[in-house]
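J.: One structure follows; several queries about it will come next.
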Amino acid sequence: MDRPLKVGAVMYDPKVSVIWEIIRNFFESQACPIDVAFYSTYELQVAGLLDGTIDVAWNSPLAWLDSQRRSGGTCRAVAMRDTDRDRVSYFVAPRDGPVRTVAHLRGRTLATGAGDSPQATIIPLGRLRRDGLDPAVDVTIRRFDVLVGKHGDHVGGERDAFESVRRGEADACAMLDLNWDGWTKDGTIDPDRFTIVGGTDRFDHCVFTVRQDLEAAAEQRWLDALFAMRYDNPAHREMMDLEGLKAWLPGRTSGFDALTAAVASEGFFEQAVRRG
C-alpha cells in the first residue's frame, strides 16, 4: 500500500484535533504517514470503516460491537490503551441516603449518562438486570443524553447525572471508575458525602479496529509506529497525557462480554434501527 493509511476518530472534544495532529506528526517521523478523518458520531465512523473510506477506526466499545455486527464478525481489534483494559463502572449514592447496595435501587431513581454510553448507561443497566431489577419496571431511570452519538466519550452526561444526585433529584448515579477517581481528586465529588454502593463487571473500553482485508504489511507498519510511542519520552508524553494512557497495547476482545450481554438484554441495536 503506497498511500497513507486513513485513520478515523470521533470529535467529542476540541482536544481531539490537537491529539491527532501530534499523532500524525509522530507517524510522519516514523516514516508511516497517515491521514486523519474526523467524524461527528461513531455510527458514521463505523460506516466509513466498512465502506472503505477509512482503514483504521478509533472505536468506542459500542462502536467495536457495531463494527462486528455490521461486518458479520470480520473486523479485528488491533490496539488499545493500557487504560482501556479492565475498567469498571460504579453506582454512587449519598452516604446518608437510602441506597446502600444495588438491590436498594428497587423503587428508586438511578441517574445515567447518554443512552449510548457503555460505561454510564448500558453496562450499568445490565448489572441491574443481573441483580433481578428490570430497569423498565423496578427502577426509574433518569437519563442525561448529552452528545448522543459520541457513546459517552463526552463526560457531560455522566457529570450531569451526578449533579442530579447532589441536588436530591436521583438516589444514585452511574459513572466510570476513572471519573470517580478524577472527580474525588479535583473536588467535584466529596467522598465524605458520597460513596460507591456497587460496581459492574470489568470491561474493556476503546479499541483500534480494522477490516479483515487491510493489507498485512501496511497494518504492521502502522502498529510498529504506534507501539514506538514511549511515555518516558517528553515528546510523546503530551499526547499520551491528553489521550489518557501510558502505553499502547495489542488489541483484545476478551473484555467486551459485559457490554455484549447488556446490549442484547436492552435490545440496543434493535431500538437504534427503529429510532433511525
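Identifiers for the C-alpha cells are assigned positionally: chains receive A, B, ... in sequence, residues are indexed from 1 per chain, and ligands are indexed from 1 in the order shown.
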Write out as a list in words each polymer residue whose atoms come within 7 Å of segment 255-264 of chain A, counting only C-alpha atoms; drop sequence neighbours fewer than 2 positions from it.

T.: Pro118, Ile122, Ile123, Gly126, Asp201, Phe203, Asp204, Thr253, Glu266, Gly267 and Phe268 of chain A

J.: Taking only C-alpha atoms into account, produce a table as a tab-separated table in which each residue of segment 176-248 of chain A with an atom at most 10 Å from an atom of segment 16-21 of chain A appears once, together with its shortest atom pair and the distance in Å to one decimal, ordered by chain and rising number.

T.:
```
residue	atom	partner	partner_atom	distance
A:Glu238	CA	A:Ile19	CA	8.6
A:Met239	CA	A:Ile19	CA	5.6
A:Met240	CA	A:Ile19	CA	8.3
A:Asp241	CA	A:Ile19	CA	9.6
A:Leu242	CA	A:Ile19	CA	6.7
A:Glu243	CA	A:Ile19	CA	7.0
```

J.: Using DSSP secondary structure from the backbone, list all helix (DSSP H, G or I) positions within segment 174-273 of chain A, as a ChimeraX atom specification.

T.: /A:177-186,216-227,234-243,257-266,268-273

J.: From the set A:Tyr42, A:Asn25, A:Val197, A:Gly113, which residue has the shortest atom-to-atom contact distance to Pro98 of chain A, counting only C-alpha atoms?

T.: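 Looking at the shortest contact to Pro98 of chain A, the residue is A:Val197.
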
J.: When you look at segment 43-47 of chain A with a cut-off of 12 Å (counting only C-alpha atoms), what residues show up, excluding the ones that are within fewer than 3 positions of it in the same chain? I need them as an mmCIF file with N, CA and C atoms, in the first residue's frame.

T.:
```cif
data_model
loop_
_atom_site.group_PDB
_atom_site.id
_atom_site.type_symbol
_atom_site.label_atom_id
_atom_site.label_comp_id
_atom_site.auth_asym_id
_atom_site.auth_seq_id
_atom_site.Cartn_x
_atom_site.Cartn_y
_atom_site.Cartn_z
ATOM 1 N N LYS A 6 -5.623 5.725 6.251
ATOM 2 C CA LYS A 6 -6.615 6.700 6.695
ATOM 3 C C LYS A 6 -7.196 6.241 8.027
ATOM 4 N N VAL A 7 -7.080 7.094 9.026
ATOM 5 C CA VAL A 7 -7.498 6.758 10.386
ATOM 6 C C VAL A 7 -8.670 7.646 10.776
ATOM 7 N N GLY A 8 -9.712 7.043 11.345
ATOM 8 C CA GLY A 8 -10.884 7.792 11.771
ATOM 9 C C GLY A 8 -10.916 8.001 13.273
ATOM 10 N N ALA A 9 -11.371 9.176 13.689
ATOM 11 C CA ALA A 9 -11.558 9.489 15.109
ATOM 12 C C ALA A 9 -12.807 10.343 15.256
ATOM 13 N N VAL A 10 -13.511 10.165 16.364
ATOM 14 C CA VAL A 10 -14.725 10.950 16.620
ATOM 15 C C VAL A 10 -14.367 12.208 17.395
ATOM 16 N N MET A 11 -14.887 13.326 16.932
ATOM 17 C CA MET A 11 -14.587 14.629 17.521
ATOM 18 C C MET A 11 -15.554 14.886 18.688
ATOM 19 N N VAL A 36 -5.969 11.695 8.680
ATOM 20 C CA VAL A 36 -6.944 11.572 9.759
ATOM 21 C C VAL A 36 -8.276 12.146 9.302
ATOM 22 N N ALA A 37 -9.340 11.376 9.499
ATOM 23 C CA ALA A 37 -10.692 11.823 9.184
ATOM 24 C C ALA A 37 -11.479 11.928 10.489
ATOM 25 N N PHE A 38 -12.085 13.078 10.723
ATOM 26 C CA PHE A 38 -12.868 13.282 11.942
ATOM 27 C C PHE A 38 -14.349 13.064 11.647
ATOM 28 N N TYR A 39 -15.010 12.396 12.574
ATOM 29 C CA TYR A 39 -16.441 12.104 12.439
ATOM 30 C C TYR A 39 -17.201 12.726 13.602
ATOM 31 N N SER A 40 -18.461 13.041 13.352
ATOM 32 C CA SER A 40 -19.297 13.627 14.401
ATOM 33 C C SER A 40 -19.946 12.573 15.277
ATOM 34 N N LEU A 50 -16.409 0.472 7.242
ATOM 35 C CA LEU A 50 -16.913 -0.672 6.491
ATOM 36 C C LEU A 50 -17.034 -0.391 4.999
ATOM 37 N N ASP A 51 -17.204 0.877 4.603
ATOM 38 C CA ASP A 51 -17.285 1.162 3.161
ATOM 39 C C ASP A 51 -15.921 1.505 2.559
ATOM 40 N N GLY A 52 -14.853 1.448 3.393
ATOM 41 C CA GLY A 52 -13.503 1.662 2.886
ATOM 42 C C GLY A 52 -13.040 3.098 2.858
ATOM 43 N N THR A 53 -13.840 4.028 3.374
ATOM 44 C CA THR A 53 -13.404 5.427 3.424
ATOM 45 C C THR A 53 -12.185 5.582 4.326
ATOM 46 N N ILE A 54 -12.161 4.849 5.432
ATOM 47 C CA ILE A 54 -11.004 4.843 6.323
ATOM 48 C C ILE A 54 -10.509 3.402 6.474
ATOM 49 N N ASP A 55 -9.265 3.270 6.914
ATOM 50 C CA ASP A 55 -8.654 1.954 7.092
ATOM 51 C C ASP A 55 -8.645 1.506 8.545
ATOM 52 N N VAL A 56 -8.562 2.481 9.445
ATOM 53 C CA VAL A 56 -8.466 2.201 10.880
ATOM 54 C C VAL A 56 -9.453 3.113 11.593
ATOM 55 N N ALA A 57 -10.229 2.563 12.525
ATOM 56 C CA ALA A 57 -11.182 3.365 13.291
ATOM 57 C C ALA A 57 -10.828 3.309 14.769
ATOM 58 N N TRP A 58 -10.735 4.480 15.403
ATOM 59 C CA TRP A 58 -10.530 4.544 16.856
ATOM 60 C C TRP A 58 -11.909 4.465 17.481
ATOM 61 N N ASN A 59 -12.309 3.233 17.803
ATOM 62 C CA ASN A 59 -13.695 2.941 18.149
ATOM 63 C C ASN A 59 -13.948 2.919 19.645
ATOM 64 N N SER A 60 -15.113 3.394 20.037
ATOM 65 C CA SER A 60 -15.627 3.134 21.372
ATOM 66 C C SER A 60 -15.946 1.642 21.492
ATOM 67 N N PRO A 61 -16.160 1.132 22.704
ATOM 68 C CA PRO A 61 -16.532 -0.278 22.824
ATOM 69 C C PRO A 61 -17.836 -0.597 22.108
ATOM 70 N N LEU A 62 -18.799 0.325 22.156
ATOM 71 C CA LEU A 62 -20.059 0.084 21.455
ATOM 72 C C LEU A 62 -19.852 0.096 19.947
ATOM 73 N N ALA A 63 -18.981 0.977 19.456
ATOM 74 C CA ALA A 63 -18.684 1.016 18.022
ATOM 75 C C ALA A 63 -17.953 -0.245 17.583
ATOM 76 N N TRP A 64 -17.131 -0.824 18.460
ATOM 77 C CA TRP A 64 -16.491 -2.103 18.147
ATOM 78 C C TRP A 64 -17.557 -3.178 17.932
ATOM 79 N N LEU A 65 -18.514 -3.268 18.860
ATOM 80 C CA LEU A 65 -19.582 -4.260 18.707
ATOM 81 C C LEU A 65 -20.381 -3.994 17.435
ATOM 82 N N ASP A 66 -20.632 -2.730 17.138
ATOM 83 C CA ASP A 66 -21.391 -2.381 15.934
ATOM 84 C C ASP A 66 -20.618 -2.768 14.679
ATOM 85 N N SER A 67 -19.298 -2.547 14.696
ATOM 86 C CA SER A 67 -18.471 -2.939 13.546
ATOM 87 C C SER A 67 -18.553 -4.444 13.317
ATOM 88 N N GLN A 68 -18.467 -5.201 14.393
ATOM 89 C CA GLN A 68 -18.560 -6.650 14.269
ATOM 90 C C GLN A 68 -19.948 -7.081 13.795
ATOM 91 N N ARG A 69 -20.967 -6.447 14.352
ATOM 92 C CA ARG A 69 -22.343 -6.775 13.972
ATOM 93 C C ARG A 69 -22.579 -6.510 12.495
ATOM 94 N N ARG A 70 -22.100 -5.365 12.015
ATOM 95 C CA ARG A 70 -22.385 -4.959 10.637
ATOM 96 C C ARG A 70 -21.447 -5.598 9.622
ATOM 97 N N SER A 71 -20.318 -6.160 10.099
ATOM 98 C CA SER A 71 -19.368 -6.796 9.179
ATOM 99 C C SER A 71 -19.472 -8.316 9.203
ATOM 100 N N CYS A 75 -14.308 -7.846 11.410
ATOM 101 C CA CYS A 75 -13.358 -6.807 11.807
ATOM 102 C C CYS A 75 -12.417 -7.341 12.881
ATOM 103 N N ASP A 116 -26.434 5.976 24.791
ATOM 104 C CA ASP A 116 -25.475 5.138 24.067
ATOM 105 C C ASP A 116 -24.119 5.067 24.779
ATOM 106 N N VAL A 148 -25.403 12.594 22.196
ATOM 107 C CA VAL A 148 -25.692 11.235 21.731
ATOM 108 C C VAL A 148 -24.995 11.015 20.385
ATOM 109 N N GLY A 149 -24.438 9.841 20.194
ATOM 110 C CA GLY A 149 -23.656 9.536 19.006
ATOM 111 C C GLY A 149 -22.169 9.467 19.311
ATOM 112 N N LYS A 150 -21.790 10.027 20.465
ATOM 113 C CA LYS A 150 -20.378 10.000 20.872
ATOM 114 C C LYS A 150 -20.119 8.958 21.951
ATOM 115 N N HIS A 151 -21.129 8.165 22.274
ATOM 116 C CA HIS A 151 -21.000 6.976 23.115
ATOM 117 C C HIS A 151 -20.386 7.247 24.478
ATOM 118 N N PHE A 208 -8.678 0.227 18.584
ATOM 119 C CA PHE A 208 -8.471 0.477 17.158
ATOM 120 C C PHE A 208 -8.983 -0.730 16.381
ATOM 121 N N THR A 209 -9.802 -0.458 15.393
ATOM 122 C CA THR A 209 -10.490 -1.506 14.644
ATOM 123 C C THR A 209 -10.140 -1.402 13.166
ATOM 124 N N VAL A 210 -9.899 -2.555 12.534
ATOM 125 C CA VAL A 210 -9.614 -2.587 11.089
ATOM 126 C C VAL A 210 -10.496 -3.637 10.428
ATOM 127 N N ARG A 211 -10.647 -3.501 9.127
ATOM 128 C CA ARG A 211 -11.357 -4.512 8.348
ATOM 129 C C ARG A 211 -10.461 -5.735 8.131
ATOM 130 N N PHE A 269 -29.318 -2.336 19.692
ATOM 131 C CA PHE A 269 -29.217 -2.116 18.263
ATOM 132 C C PHE A 269 -30.578 -2.224 17.577
ATOM 133 N N ALA A 272 -32.112 1.044 18.075
ATOM 134 C CA ALA A 272 -31.463 2.039 17.217
ATOM 135 C C ALA A 272 -32.001 1.979 15.793
ATOM 136 N N VAL A 273 -32.261 0.769 15.308
ATOM 137 C CA VAL A 273 -32.839 0.622 13.968
ATOM 138 C C VAL A 273 -34.226 1.244 13.916
ATOM 139 N N GLY A 276 -33.840 4.959 13.982
ATOM 140 C CA GLY A 276 -33.305 5.501 12.732
ATOM 141 C C GLY A 276 -34.278 5.462 11.614
#
```

J.: Measuring atom to atom with only C-alpha atoms, identify which of A:Gly97, A:Asp145, A:Phe26, A:Lys15 is nearest to His236 of chain A.

T.: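 Selected residue with least distance to His236 of chain A: A:Phe26.
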